[in-house]
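*Asks:* This is input.tsv (TSV, C-alpha atoms and all ligand atoms).
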```
chain	number	residue	atom	x	y	z
A	1	MET	CA	-25.51	0.99	5.76
A	2	THR	CA	-22.72	0.63	8.32
A	3	LEU	CA	-20.15	-2.04	7.43
A	4	ASN	CA	-18.74	-4.15	10.26
A	5	VAL	CA	-15.03	-4.64	9.74
A	6	LEU	CA	-13.21	-7.03	12.07
A	7	PHE	CA	-9.55	-6.34	12.86
A	8	ALA	CA	-8.10	-9.82	13.38
A	9	ALA	CA	-4.37	-9.19	13.56
A	10	ARG	CA	-2.36	-9.45	16.78
A	11	PRO	CA	-3.88	-7.22	19.51
A	12	GLU	CA	-0.70	-5.12	19.81
A	13	ARG	CA	-1.13	-4.01	16.17
A	14	TRP	CA	-4.53	-2.42	16.95
A	15	GLU	CA	-3.11	0.80	18.36
A	16	SER	CA	-1.13	1.61	15.23
A	17	TYR	CA	-3.81	0.47	12.77
A	18	GLU	CA	-7.03	1.78	14.33
A	19	PRO	CA	-6.63	5.53	13.67
A	20	ILE	CA	-5.14	5.16	10.22
A	21	LEU	CA	-7.77	2.64	9.08
A	22	LYS	CA	-10.54	4.90	10.34
A	23	SER	CA	-9.16	7.89	8.48
A	24	GLU	CA	-8.74	5.88	5.26
A	25	PHE	CA	-12.32	4.54	5.52
A	26	ALA	CA	-13.53	8.12	5.93
A	27	ARG	CA	-11.43	9.25	2.96
A	28	GLN	CA	-13.11	6.57	0.83
A	29	GLY	CA	-16.55	7.69	2.07
A	30	LEU	CA	-17.12	4.31	3.78
A	31	ASP	CA	-19.35	4.08	6.85
A	32	VAL	CA	-17.44	1.50	8.90
A	33	ALA	CA	-17.65	0.15	12.44
A	34	LEU	CA	-14.12	-1.12	13.03
A	35	SER	CA	-13.63	-3.47	15.97
A	36	THR	CA	-11.61	-6.40	17.27
A	37	ASP	CA	-14.71	-8.22	18.54
A	38	HIS	CA	-17.75	-8.01	16.27
A	39	PRO	CA	-19.94	-11.15	16.58
A	40	PRO	CA	-18.85	-13.38	13.66
A	41	GLU	CA	-22.24	-13.48	11.91
A	42	THR	CA	-22.32	-9.66	11.70
A	43	VAL	CA	-18.92	-9.18	10.07
A	44	ASP	CA	-18.72	-7.80	6.50
A	45	TYR	CA	-14.92	-7.81	6.02
A	46	ILE	CA	-12.02	-9.31	7.96
A	47	ILE	CA	-8.59	-7.72	8.20
A	48	TYR	CA	-6.51	-10.80	8.87
A	49	ALA	CA	-2.98	-11.74	9.92
A	50	PRO	CA	-1.67	-15.31	10.06
A	51	ASN	CA	-0.61	-14.83	13.70
A	52	GLY	CA	-3.94	-13.25	14.66
A	53	PRO	CA	-6.91	-14.71	16.57
A	54	VAL	CA	-9.17	-15.91	13.72
A	55	GLN	CA	-8.28	-19.19	12.03
A	56	ASP	CA	-11.76	-20.71	11.59
A	57	PHE	CA	-13.99	-18.70	9.27
A	58	THR	CA	-17.06	-20.96	9.45
A	59	ALA	CA	-19.12	-18.59	11.59
A	60	TYR	CA	-18.40	-15.52	9.40
A	61	THR	CA	-21.38	-16.21	7.18
A	62	ARG	CA	-21.87	-12.59	6.00
A	63	CYS	CA	-18.20	-11.86	5.31
A	64	LYS	CA	-17.46	-10.63	1.78
A	65	ALA	CA	-13.65	-10.84	1.80
A	66	VAL	CA	-10.68	-11.65	4.00
A	67	MET	CA	-7.80	-9.22	3.60
A	68	ASN	CA	-4.41	-10.52	4.66
A	69	LEU	CA	-2.05	-7.88	6.08
A	70	TRP	CA	0.87	-10.09	4.99
A	71	ALA	CA	2.13	-10.75	1.48
A	72	GLY	CA	2.59	-14.47	2.13
A	73	VAL	CA	-0.55	-16.58	2.30
A	74	GLU	CA	0.74	-20.10	2.89
A	75	GLN	CA	-0.87	-20.29	6.32
A	76	ILE	CA	-4.36	-19.46	5.08
A	77	VAL	CA	-4.59	-20.44	1.41
A	78	GLY	CA	-5.47	-24.05	2.17
A	79	ASN	CA	-7.90	-23.22	5.00
A	80	GLU	CA	-11.06	-25.12	4.12
A	81	THR	CA	-13.24	-22.97	6.38
A	82	LEU	CA	-12.46	-19.97	4.16
A	83	THR	CA	-14.85	-19.73	1.22
A	84	GLN	CA	-14.69	-15.96	0.72
A	85	PRO	CA	-12.28	-14.12	-1.63
A	86	LEU	CA	-8.82	-13.78	-0.07
A	87	THR	CA	-6.55	-10.82	-0.81
A	88	ARG	CA	-2.89	-10.45	0.11
A	89	MET	CA	-0.89	-7.36	0.98
A	90	VAL	CA	0.85	-5.35	-1.68
A	91	GLU	CA	1.81	-1.88	-0.54
A	92	GLU	CA	4.68	0.49	-1.12
A	93	GLY	CA	6.11	0.22	2.43
A	94	LEU	CA	6.45	-3.55	2.22
A	95	THR	CA	7.84	-3.38	-1.30
A	96	GLY	CA	10.29	-0.58	-0.59
A	97	GLY	CA	11.47	-2.22	2.63
A	98	MET	CA	12.19	-5.51	0.86
A	99	ALA	CA	14.08	-3.83	-1.98
A	100	GLU	CA	16.22	-2.01	0.60
A	101	TRP	CA	16.88	-5.18	2.65
A	102	VAL	CA	17.93	-7.15	-0.42
A	103	THR	CA	20.10	-4.32	-1.71
A	104	GLY	CA	21.72	-3.74	1.68
A	105	HIS	CA	22.61	-7.39	2.19
A	106	THR	CA	23.81	-7.76	-1.40
A	107	LEU	CA	26.12	-4.77	-0.91
A	108	ARG	CA	27.43	-6.27	2.33
A	109	TYR	CA	28.83	-9.24	0.41
A	110	HIS	CA	29.65	-7.40	-2.75
A	111	LEU	CA	31.81	-4.84	-0.93
A	112	GLU	CA	33.16	-7.46	1.51
A	113	MET	CA	32.13	-5.19	4.36
A	114	ASP	CA	32.71	-7.92	6.95
A	115	LEU	CA	36.47	-7.64	6.33
A	116	ASP	CA	36.41	-3.99	7.34
A	117	LEU	CA	34.06	-4.53	10.27
A	118	ALA	CA	36.47	-7.16	11.67
A	119	ARG	CA	39.60	-5.08	10.96
A	120	LYS	CA	42.04	-4.83	13.87
A	121	PRO	CA	43.99	-1.61	14.60
A	122	GLY	CA	47.08	-1.47	12.38
A	123	ASP	CA	45.73	-3.90	9.76
A	124	TRP	CA	46.21	-2.08	6.45
A	125	SER	CA	45.49	-5.07	4.19
A	126	GLN	CA	43.53	-3.88	1.19
A	127	HIS	CA	40.79	-5.68	-0.68
A	128	ASN	CA	39.28	-4.60	-3.98
A	129	PRO	CA	35.98	-6.21	-4.83
A	130	PRO	CA	34.78	-6.09	-8.44
A	131	LEU	CA	32.38	-3.41	-9.58
A	132	ALA	CA	28.67	-4.15	-9.35
A	133	ARG	CA	28.57	-4.62	-13.12
A	134	ASP	CA	30.78	-7.70	-12.68
A	135	ARG	CA	28.69	-9.31	-9.92
A	136	PRO	CA	25.65	-11.10	-11.37
A	137	VAL	CA	22.64	-11.39	-9.07
A	138	THR	CA	19.75	-13.81	-9.58
A	139	ILE	CA	16.33	-13.41	-8.02
A	140	LEU	CA	13.97	-16.38	-7.89
A	141	GLY	CA	10.49	-14.84	-7.90
A	142	LEU	CA	9.71	-11.80	-9.98
A	143	GLY	CA	6.53	-10.71	-8.26
A	144	GLN	CA	5.91	-7.42	-6.47
A	145	LEU	CA	8.95	-7.83	-4.23
A	146	GLY	CA	11.35	-9.61	-6.58
A	147	GLN	CA	10.80	-7.01	-9.29
A	148	ALA	CA	11.33	-4.10	-6.92
A	149	ALA	CA	14.50	-5.61	-5.48
A	150	GLY	CA	15.76	-6.46	-8.97
A	151	GLN	CA	15.17	-2.97	-10.26
A	152	MET	CA	16.93	-1.38	-7.28
A	153	LEU	CA	19.95	-3.66	-7.80
A	154	ALA	CA	19.96	-3.07	-11.54
A	155	GLY	CA	19.76	0.66	-10.85
A	156	ILE	CA	23.14	0.55	-9.11
A	157	GLY	CA	24.74	-1.54	-11.80
A	158	PHE	CA	24.31	-5.22	-10.91
A	159	PRO	CA	23.46	-7.50	-13.84
A	160	VAL	CA	20.15	-8.96	-12.61
A	161	THR	CA	18.53	-12.16	-13.79
A	162	GLY	CA	15.08	-13.11	-12.53
A	163	TRP	CA	13.09	-16.31	-12.72
A	164	SER	CA	9.34	-16.74	-12.42
A	165	ARG	CA	6.58	-19.24	-13.20
A	166	THR	CA	5.24	-17.24	-16.14
A	167	GLN	CA	7.56	-15.43	-18.51
A	168	LYS	CA	8.09	-11.74	-17.73
A	169	ASP	CA	9.48	-8.76	-19.62
A	170	ILE	CA	10.93	-6.27	-17.14
A	171	GLU	CA	13.23	-3.42	-18.06
A	172	GLY	CA	16.75	-3.91	-16.74
A	173	ILE	CA	16.21	-7.56	-15.73
A	174	THR	CA	16.98	-10.68	-17.78
A	175	CYS	CA	13.78	-12.64	-17.31
A	176	LEU	CA	13.70	-16.42	-17.39
A	177	SER	CA	11.08	-19.07	-16.68
A	178	GLY	CA	10.64	-22.83	-16.82
A	179	ASP	CA	13.03	-25.62	-15.82
A	180	GLU	CA	15.73	-24.63	-18.33
A	181	GLY	CA	15.42	-21.02	-17.22
A	182	LEU	CA	16.00	-22.02	-13.61
A	183	ILE	CA	19.20	-23.86	-14.51
A	184	GLU	CA	20.46	-20.84	-16.46
A	185	ALA	CA	19.48	-18.45	-13.64
A	186	LEU	CA	21.34	-20.50	-11.02
A	187	LYS	CA	24.51	-20.95	-13.07
A	188	THR	CA	25.38	-17.26	-13.05
A	189	ALA	CA	24.15	-16.38	-9.55
A	190	GLN	CA	27.02	-14.97	-7.51
A	191	VAL	CA	24.27	-13.64	-5.25
A	192	LEU	CA	21.04	-15.66	-5.16
A	193	VAL	CA	17.93	-14.01	-3.70
A	194	LEU	CA	14.84	-16.09	-2.88
A	195	LEU	CA	11.57	-14.21	-3.22
A	196	LEU	CA	9.24	-17.05	-4.08
A	197	PRO	CA	6.09	-17.87	-2.13
A	198	ASP	CA	5.89	-21.07	-0.10
A	199	THR	CA	3.83	-23.49	-2.21
A	200	PRO	CA	4.07	-27.21	-2.97
A	201	ALA	CA	5.86	-26.28	-6.22
A	202	THR	CA	8.57	-24.22	-4.49
A	203	THR	CA	9.32	-26.41	-1.45
A	204	ASN	CA	13.03	-27.31	-1.31
A	205	ILE	CA	13.75	-25.55	-4.58
A	206	ILE	CA	17.17	-24.98	-3.05
A	207	ASN	CA	18.42	-28.55	-2.76
A	208	PRO	CA	21.65	-30.46	-3.46
A	209	GLU	CA	21.13	-30.30	-7.24
A	210	SER	CA	20.28	-26.60	-7.45
A	211	LEU	CA	23.08	-25.69	-5.02
A	212	ALA	CA	25.57	-27.57	-7.19
A	213	LEU	CA	24.64	-25.36	-10.16
A	214	LEU	CA	25.69	-22.14	-8.41
A	215	PRO	CA	29.12	-20.67	-9.07
A	216	LYS	CA	31.46	-21.78	-6.26
A	217	GLY	CA	31.38	-19.27	-3.41
A	218	ALA	CA	27.92	-17.88	-4.18
A	219	VAL	CA	25.98	-16.09	-1.47
A	220	ILE	CA	22.31	-16.80	-0.71
A	221	LEU	CA	19.79	-14.33	0.69
A	222	ASN	CA	16.45	-15.80	1.75
A	223	PRO	CA	13.80	-13.25	2.65
A	224	GLY	CA	11.12	-15.44	0.98
A	225	ARG	CA	10.09	-18.42	3.13
A	226	GLY	CA	11.98	-21.09	5.07
A	227	PRO	CA	10.68	-24.17	3.19
A	228	LEU	CA	12.26	-22.91	-0.05
A	229	ILE	CA	15.54	-24.29	1.30
A	230	ASP	CA	16.50	-27.87	2.11
A	231	ASP	CA	18.35	-26.88	5.28
A	232	ASP	CA	20.63	-29.93	5.43
A	233	ALA	CA	21.67	-29.37	1.83
A	234	LEU	CA	22.47	-25.72	2.51
A	235	LEU	CA	24.50	-26.56	5.61
A	236	ALA	CA	26.48	-29.12	3.59
A	237	ALA	CA	27.09	-26.60	0.79
A	238	LEU	CA	28.30	-24.02	3.32
A	239	ASP	CA	30.67	-26.51	4.90
A	240	LEU	CA	32.08	-27.42	1.48
A	241	GLY	CA	32.52	-23.77	0.47
A	242	GLN	CA	30.13	-24.18	-2.47
A	243	VAL	CA	28.10	-21.46	-0.76
A	244	ALA	CA	30.23	-18.80	0.94
A	245	HIS	CA	27.53	-17.31	3.15
A	246	ALA	CA	23.77	-17.32	3.64
A	247	THR	CA	21.67	-14.58	5.15
A	248	LEU	CA	18.37	-16.08	6.21
A	249	ASP	CA	15.38	-14.07	7.37
A	250	VAL	CA	12.74	-16.82	7.30
A	251	PHE	CA	12.71	-20.39	8.58
A	252	ARG	CA	10.63	-23.55	8.69
A	253	THR	CA	10.06	-22.89	12.41
A	254	GLU	CA	9.85	-19.31	13.66
A	255	PRO	CA	11.26	-18.08	15.95
A	256	LEU	CA	14.26	-20.15	14.87
A	257	PRO	CA	14.83	-22.65	17.73
A	258	GLU	CA	17.82	-21.76	19.90
A	259	ASP	CA	19.60	-25.02	19.16
A	260	HIS	CA	19.27	-24.72	15.36
A	261	PRO	CA	22.68	-25.01	13.61
A	262	TYR	CA	22.00	-21.80	11.68
A	263	TRP	CA	22.39	-19.74	14.87
A	264	HIS	CA	25.93	-21.00	15.42
A	265	HIS	CA	27.20	-21.43	11.87
A	266	PRO	CA	30.01	-18.97	11.07
A	267	LYS	CA	28.81	-18.61	7.48
A	268	VAL	CA	25.17	-17.90	8.32
A	269	THR	CA	23.59	-14.60	9.28
A	270	VAL	CA	20.16	-14.91	10.86
A	271	THR	CA	17.70	-12.04	10.80
A	272	PRO	CA	14.38	-12.52	12.65
A	273	HIS	CA	11.80	-12.23	9.84
A	274	ILE	CA	12.31	-8.50	9.53
A	275	ALA	CA	13.24	-8.14	5.85
A	276	ALA	CA	10.09	-6.15	5.15
A	277	GLU	CA	7.14	-5.12	7.24
A	278	THR	CA	3.68	-4.04	6.23
A	279	ARG	CA	3.44	-0.33	7.11
A	280	PRO	CA	0.07	0.68	8.58
A	281	ALA	CA	-0.22	4.02	6.77
A	282	THR	CA	0.17	2.59	3.29
A	283	ALA	CA	-1.50	-0.75	4.05
A	284	ALA	CA	-4.63	0.99	5.37
A	285	ARG	CA	-5.06	2.69	2.00
A	286	VAL	CA	-5.07	-0.70	0.26
A	287	VAL	CA	-7.55	-2.18	2.75
A	288	ALA	CA	-9.93	0.77	2.38
A	289	GLU	CA	-9.65	0.69	-1.41
A	290	ASN	CA	-10.51	-3.01	-1.42
A	291	ILE	CA	-13.59	-2.49	0.77
A	292	ARG	CA	-14.67	0.33	-1.52
A	293	ARG	CA	-14.25	-2.03	-4.46
A	294	GLY	CA	-16.18	-4.78	-2.71
A	295	GLU	CA	-19.08	-2.43	-2.06
A	296	ALA	CA	-19.00	-1.06	-5.62
A	297	GLY	CA	-19.00	-4.57	-7.11
A	298	GLU	CA	-15.53	-4.00	-8.60
A	299	PRO	CA	-12.83	-6.70	-8.59
A	300	PHE	CA	-10.62	-6.80	-5.49
A	301	LEU	CA	-6.98	-5.81	-5.76
A	302	TYR	CA	-4.33	-8.52	-5.11
A	303	LEU	CA	-6.67	-11.50	-5.06
A	304	VAL	CA	-4.94	-14.74	-4.16
A	305	ASP	CA	-5.04	-17.50	-6.78
A	306	ARG	CA	-6.09	-20.42	-4.57
A	307	ASP	CA	-5.09	-22.99	-7.22
A	308	GLN	CA	-1.53	-21.68	-7.51
A	309	GLY	CA	-1.33	-21.09	-3.74
A	310	TYR	CA	-0.13	-17.48	-3.88
B	401	LIG	P1	4.14	-12.33	-5.67
B	401	LIG	O1	3.00	-13.27	-5.61
B	401	LIG	O2	3.92	-10.97	-6.20
B	401	LIG	O3	5.33	-12.97	-6.52
B	401	LIG	C1	5.68	-14.30	-6.43
B	401	LIG	C2	6.66	-14.61	-7.55
B	401	LIG	O4	7.06	-15.98	-7.44
B	401	LIG	C3	6.04	-14.45	-8.94
B	401	LIG	O5	6.99	-13.93	-9.83
B	401	LIG	C4	5.69	-15.88	-9.32
B	401	LIG	O6	5.65	-16.14	-10.69
B	401	LIG	C5	6.84	-16.62	-8.70
B	401	LIG	N1	6.51	-18.03	-8.50
B	401	LIG	C6	5.53	-18.57	-7.74
B	401	LIG	N2	5.53	-19.91	-7.86
B	401	LIG	C7	6.52	-20.22	-8.71
B	401	LIG	C8	7.01	-21.43	-9.25
B	401	LIG	N3	6.47	-22.62	-8.92
B	401	LIG	N4	8.05	-21.36	-10.12
B	401	LIG	C9	8.59	-20.19	-10.46
B	401	LIG	N5	8.17	-18.99	-9.99
B	401	LIG	C10	7.15	-19.01	-9.12
B	401	LIG	O7	4.74	-12.27	-4.21
B	401	LIG	P2	5.56	-11.08	-3.53
B	401	LIG	O8	6.66	-10.69	-4.45
B	401	LIG	O9	4.64	-10.03	-3.03
B	401	LIG	O10	6.14	-11.83	-2.25
B	401	LIG	C11	6.99	-12.95	-2.40
B	401	LIG	C12	7.16	-13.64	-1.06
B	401	LIG	O11	7.96	-12.86	-0.18
B	401	LIG	C13	5.87	-13.83	-0.25
B	401	LIG	O12	5.13	-14.93	-0.72
B	401	LIG	C14	6.41	-14.06	1.15
B	401	LIG	O13	6.65	-15.43	1.32
B	401	LIG	C15	7.74	-13.30	1.15
B	401	LIG	N6	7.72	-12.14	2.04
B	401	LIG	C16	8.64	-12.08	3.07
B	401	LIG	C17	8.70	-11.00	3.89
B	401	LIG	C18	9.74	-10.91	4.95
B	401	LIG	O14	9.72	-9.98	5.76
B	401	LIG	N7	10.68	-11.82	5.00
B	401	LIG	C19	7.77	-9.86	3.75
B	401	LIG	C20	6.85	-10.01	2.65
B	401	LIG	C21	6.84	-11.12	1.85
B	401	LIG	P3	4.58	-15.41	-11.65
B	401	LIG	O15	5.03	-13.96	-11.69
B	401	LIG	O16	4.73	-16.10	-12.92
B	401	LIG	O17	3.24	-15.57	-10.98
B	402	LIG	C1	4.66	-11.19	4.76
B	402	LIG	C2	5.73	-11.32	5.72
B	402	LIG	O1	4.33	-12.18	4.14
B	402	LIG	O2	5.89	-10.42	6.56
B	402	LIG	O3	4.12	-10.09	4.61
B	402	LIG	O4	6.49	-12.29	5.69
```
The structure in this file should be written as structure tokens.

*Replies:*
Amino acid sequence: MTLNVLFAARPERWESYEPILKSEFARQGLDVALSTDHPPETVDYIIYAPNGPVQDFTAYTRCKAVMNLWAGVEQIVGNETLTQPLTRMVEEGLTGGMAEWVTGHTLRYHLEMDLDLARKPGDWSQHNPPLARDRPVTILGLGQLGQAAGQMLAGIGFPVTGWSRTQKDIEGITCLSGDEGLIEALKTAQVLVLLLPDTPATTNIINPESLALLPKGAVILNPGRGPLIDDDALLAALDLGQVAHATLDVFRTEPLPEDHPYWHHPKVTVTPHIAAETRPATAARVVAENIRRGEAGEPFLYLVDRDQGY
């Protein structure tokens, strides 16, 4: 029987996804009619993006699963019209891209690259940053992305501590959990990376109290989600020098409004939610595998835990 699969991401994504999805469906032996406009009651699976056209799932009465092309699910996890299983995106392009972004921005601070980029002709002043082994990095969130970033950083010598809700055991990373673990993780963080999901439990986890625990002059990288940070508290910590610099990729409001203080703050680098992108070629494989699983009665990969919110 032909399966109707609805592509409900932004229309401009269709061109890059259509051919690769079709070839992955064929590779899995799936007979699929892929479209951006199947009538709702005929749809078997939805390929979804938070900024796409479908936000009310009520009419999709035959749908067996909604597959998010994004890793983050905060915009859909509480959607009461969604009663079907919800999966999120885990794929090697997204994971690799995030590990590279985190490593690149960590190295920027670690090597004090800004000093050399701003160097004027004739300025021979030398600076000698410590070796990576003397620059502890902490990652809040040890999921798919936090682990990959942590392992890349550990691979080039940084002592990496990670913190998660449940206790982990990951080679090369000192793993902590719980309230005491968070305090310990923050106290050593010369570079603090936020790779937590946006849930009620993680909102404003970076606040006046947690910022005060960081070593003076710590650097913050936030490729996770904007609400992890109490923005006023971060701005105050930057002004005091408690935090030396913050590179922020995600914000409470996106695009970041033009008059937001982050745009103009000398100690803030803004990147426009580009830390990691889902790559169609590798994402299509995951989507096709999940439809195959759905049809075979096997458990879906990367199911979202609706109670935990991620
Ligand atoms: P995962 O779900 O794999 O990992 C989430 C991690 O956060 C897990 O280690 C989890 O703990 C931990 N966590 C969740 N809640 C808590 C809590 N209350 N206390 C302590 N730890 C907690 O997610 P990913 O690694 O795939 O992605 C992380 C986030 O990155 C996404 O949710 C998204 O917001 C963001 N993202 C940003 C992108 C960008 O371009 N800027 C691109 C892609 C994702 P446990 O392991 O115990 O479950
Ligand atoms: C994601 C993102 O969640 O791009 O995948 O932020």

*Asks:* Counting all atoms listed in the file, what are the residues, protein, DNA or RNA alike, that approach ligand LIG 402 (chain B) to within 6 Å? I want them as a CSV table (one decimal) with C-alpha atoms, in the frame of the given file.

*Replies:*
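Here's the written file pocket.csv:
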```csv
chain,number,residue,atom,x,y,z
A,70,TRP,CA,0.9,-10.1,5.0
A,71,ALA,CA,2.1,-10.8,1.5
A,72,GLY,CA,2.6,-14.5,2.1
A,277,GLU,CA,7.1,-5.1,7.2
```

*Asks:* What does the distance from atom CA of Lys267 of chain A to atom CA of His245 of chain A come to in Å, to one decimal?

*Replies:*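 Value for the atom CA of Lys267 of chain A-atom CA of His245 of chain A distance: 4.7 Å.
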
*Asks:* Taking all atoms listed in the file into account, list the residues no farther than 6 Å from ligand LIG 401 (chain B), as a ChimeraX atom specification.

*Replies:* /A:71-72,141-146,164-166,195-198,201-202,223-225,249-250,273-277,310

*Asks:* Next, dump the selected residues to file, keeping only C-alpha atoms, as a PDB file, keeping the file's coordinate frame.

*Replies:*
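That gives us result.pdb:
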```pdb
ATOM      1  CA  ALA A  71       2.130 -10.750   1.480  1.00  0.00           C
ATOM      2  CA  GLY A  72       2.590 -14.470   2.130  1.00  0.00           C
ATOM      3  CA  GLY A 141      10.490 -14.840  -7.900  1.00  0.00           C
ATOM      4  CA  LEU A 142       9.710 -11.800  -9.980  1.00  0.00           C
ATOM      5  CA  GLY A 143       6.530 -10.710  -8.260  1.00  0.00           C
ATOM      6  CA  GLN A 144       5.910  -7.420  -6.470  1.00  0.00           C
ATOM      7  CA  LEU A 145       8.950  -7.830  -4.230  1.00  0.00           C
ATOM      8  CA  GLY A 146      11.350  -9.610  -6.580  1.00  0.00           C
ATOM      9  CA  SER A 164       9.340 -16.740 -12.420  1.00  0.00           C
ATOM     10  CA  ARG A 165       6.580 -19.240 -13.200  1.00  0.00           C
ATOM     11  CA  THR A 166       5.240 -17.240 -16.140  1.00  0.00           C
ATOM     12  CA  LEU A 195      11.570 -14.210  -3.220  1.00  0.00           C
ATOM     13  CA  LEU A 196       9.240 -17.050  -4.080  1.00  0.00           C
ATOM     14  CA  PRO A 197       6.090 -17.870  -2.130  1.00  0.00           C
ATOM     15  CA  ASP A 198       5.890 -21.070  -0.100  1.00  0.00           C
ATOM     16  CA  ALA A 201       5.860 -26.280  -6.220  1.00  0.00           C
ATOM     17  CA  THR A 202       8.570 -24.220  -4.490  1.00  0.00           C
ATOM     18  CA  PRO A 223      13.800 -13.250   2.650  1.00  0.00           C
ATOM     19  CA  GLY A 224      11.120 -15.440   0.980  1.00  0.00           C
ATOM     20  CA  ARG A 225      10.090 -18.420   3.130  1.00  0.00           C
ATOM     21  CA  ASP A 249      15.380 -14.070   7.370  1.00  0.00           C
ATOM     22  CA  VAL A 250      12.740 -16.820   7.300  1.00  0.00           C
ATOM     23  CA  HIS A 273      11.800 -12.230   9.840  1.00  0.00           C
ATOM     24  CA  ILE A 274      12.310  -8.500   9.530  1.00  0.00           C
ATOM     25  CA  ALA A 275      13.240  -8.140   5.850  1.00  0.00           C
ATOM     26  CA  ALA A 276      10.090  -6.150   5.150  1.00  0.00           C
ATOM     27  CA  GLU A 277       7.140  -5.120   7.240  1.00  0.00           C
ATOM     28  CA  TYR A 310      -0.130 -17.480  -3.880  1.00  0.00           C
TER      29      TYR A 310
END
```

*Asks:* Given all atoms listed in the file as the basis, pick out the residue of A:Thr83, A:Ala244, A:Met1, A:Tyr45 nearest to Leu30 of chain A.

*Replies:*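 So, comparing all the options, the nearest one is A:Met1.
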
*Asks:* Please, what distance in Å, to one decimal, runs between atom CA of Asp231 of chain A and atom CA of Val191 of chain A?

*Replies:* 17.9 Å

*Asks:* Per residue of segment 212-290 of chain A within 12 Å of segment 6-29 of chain A, note the shortest atom pair and the distance in Å to one decimal, counting all atoms listed in the file, and order the rows by chain and increasing residue number, as a tab-separated table.

*Replies:*
```
residue	atom	partner	partner_atom	distance
A:Thr278	CA	A:Tyr17	CA	10.9
A:Arg279	CA	A:Tyr17	CA	9.2
A:Pro280	CA	A:Tyr17	CA	5.7
A:Ala281	CA	A:Ile20	CA	6.1
A:Thr282	CA	A:Ile20	CA	9.1
A:Ala283	CA	A:Leu21	CA	8.7
A:Ala284	CA	A:Leu21	CA	5.1
A:Arg285	CA	A:Glu24	CA	5.9
A:Val286	CA	A:Glu24	CA	9.0
A:Val287	CA	A:Leu21	CA	8.0
A:Ala288	CA	A:Phe25	CA	5.5
A:Glu289	CA	A:Gln28	CA	7.2
A:Asn290	CA	A:Gln28	CA	10.2
```

*Asks:* Mind checking which residues fall within 12 Å of segment 108-119 of chain A, counting all atoms listed in the file, ignoring those fewer than 5 positions away in the same chain, and posting them as JSON, numbers by chain?

*Replies:* {"A": [101, 102, 103, 124, 125, 126, 127, 128, 129, 130, 131, 132, 133, 134, 135, 136, 137, 153, 157, 158, 190, 191, 192, 217, 218, 219, 220, 221, 244, 245, 246, 247, 267, 269]}

*Asks:* Between A:Phe251, A:Tyr48, A:Tyr262, A:Tyr302, which is the closest to Leu235 of chain A once you count only C-alpha atoms?

*Replies:*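 Result for the nearest residue to Leu235 of chain A: A:Tyr262.
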
*Asks:* Looking at A:Pro200, A:Ala185, A:Ile139, A:Val5, which one is nearest to Val43 of chain A, with distances taken over only C-alpha atoms?

*Replies:*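 Nearest to Val43 of chain A: A:Val5.
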
*Asks:* Could you state the separation of atom CA of Leu3 of chain A and atom CA of Glu41 of chain A in Å, given to one decimal place?

*Replies:* 12.5 Å

*Asks:* So that I can check the surroundings of Gln147 of chain A, please list as an MDAnalysis selection string every protein, DNA and RNA residue that reaches within 12 Å of it, counting all atoms listed in the file and ignoring chain neighbours fewer than 2 positions away.

*Replies:* chainID A and resid 95:96 98:99 102 138:145 149:155 160:164 168:175 193:196

*Asks:* Rank nothing, just name the residue among A:Ala65, A:Leu228, A:Met89, A:Leu94 nearest to Arg293 of chain A, using all atoms listed in the file.

*Replies:* A:Ala65

*Asks:* Could you check which of A:Val77, A:Ala212, A:Cys63, A:Ala33 is closest to Thr199 of chain A, using all atoms listed in the file?

*Replies:*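 Closest candidate: A:Val77.
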
*Asks:* May I ask which of the residues A:Gly226, A:Gln242, A:Arg292, A:Leu301 is the closest one to Pro272 of chain A, counting only C-alpha atoms?

*Replies:*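 That would be A:Gly226, the residue with the smallest distance to Pro272 of chain A.
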
*Asks:* Please determine an axis-aligned box that encloses all atoms of segment 229-240 of chain A listed in the file, with 4 Å added on each side, and express its centre and edge lengths in Å to one decimal as lines of an AutoDock Vina configuration file.

*Replies:*
```
center_x = 23.8
center_y = -27.0
center_z = 3.2
size_x = 24.5
size_y = 13.9
size_z = 12.8
```
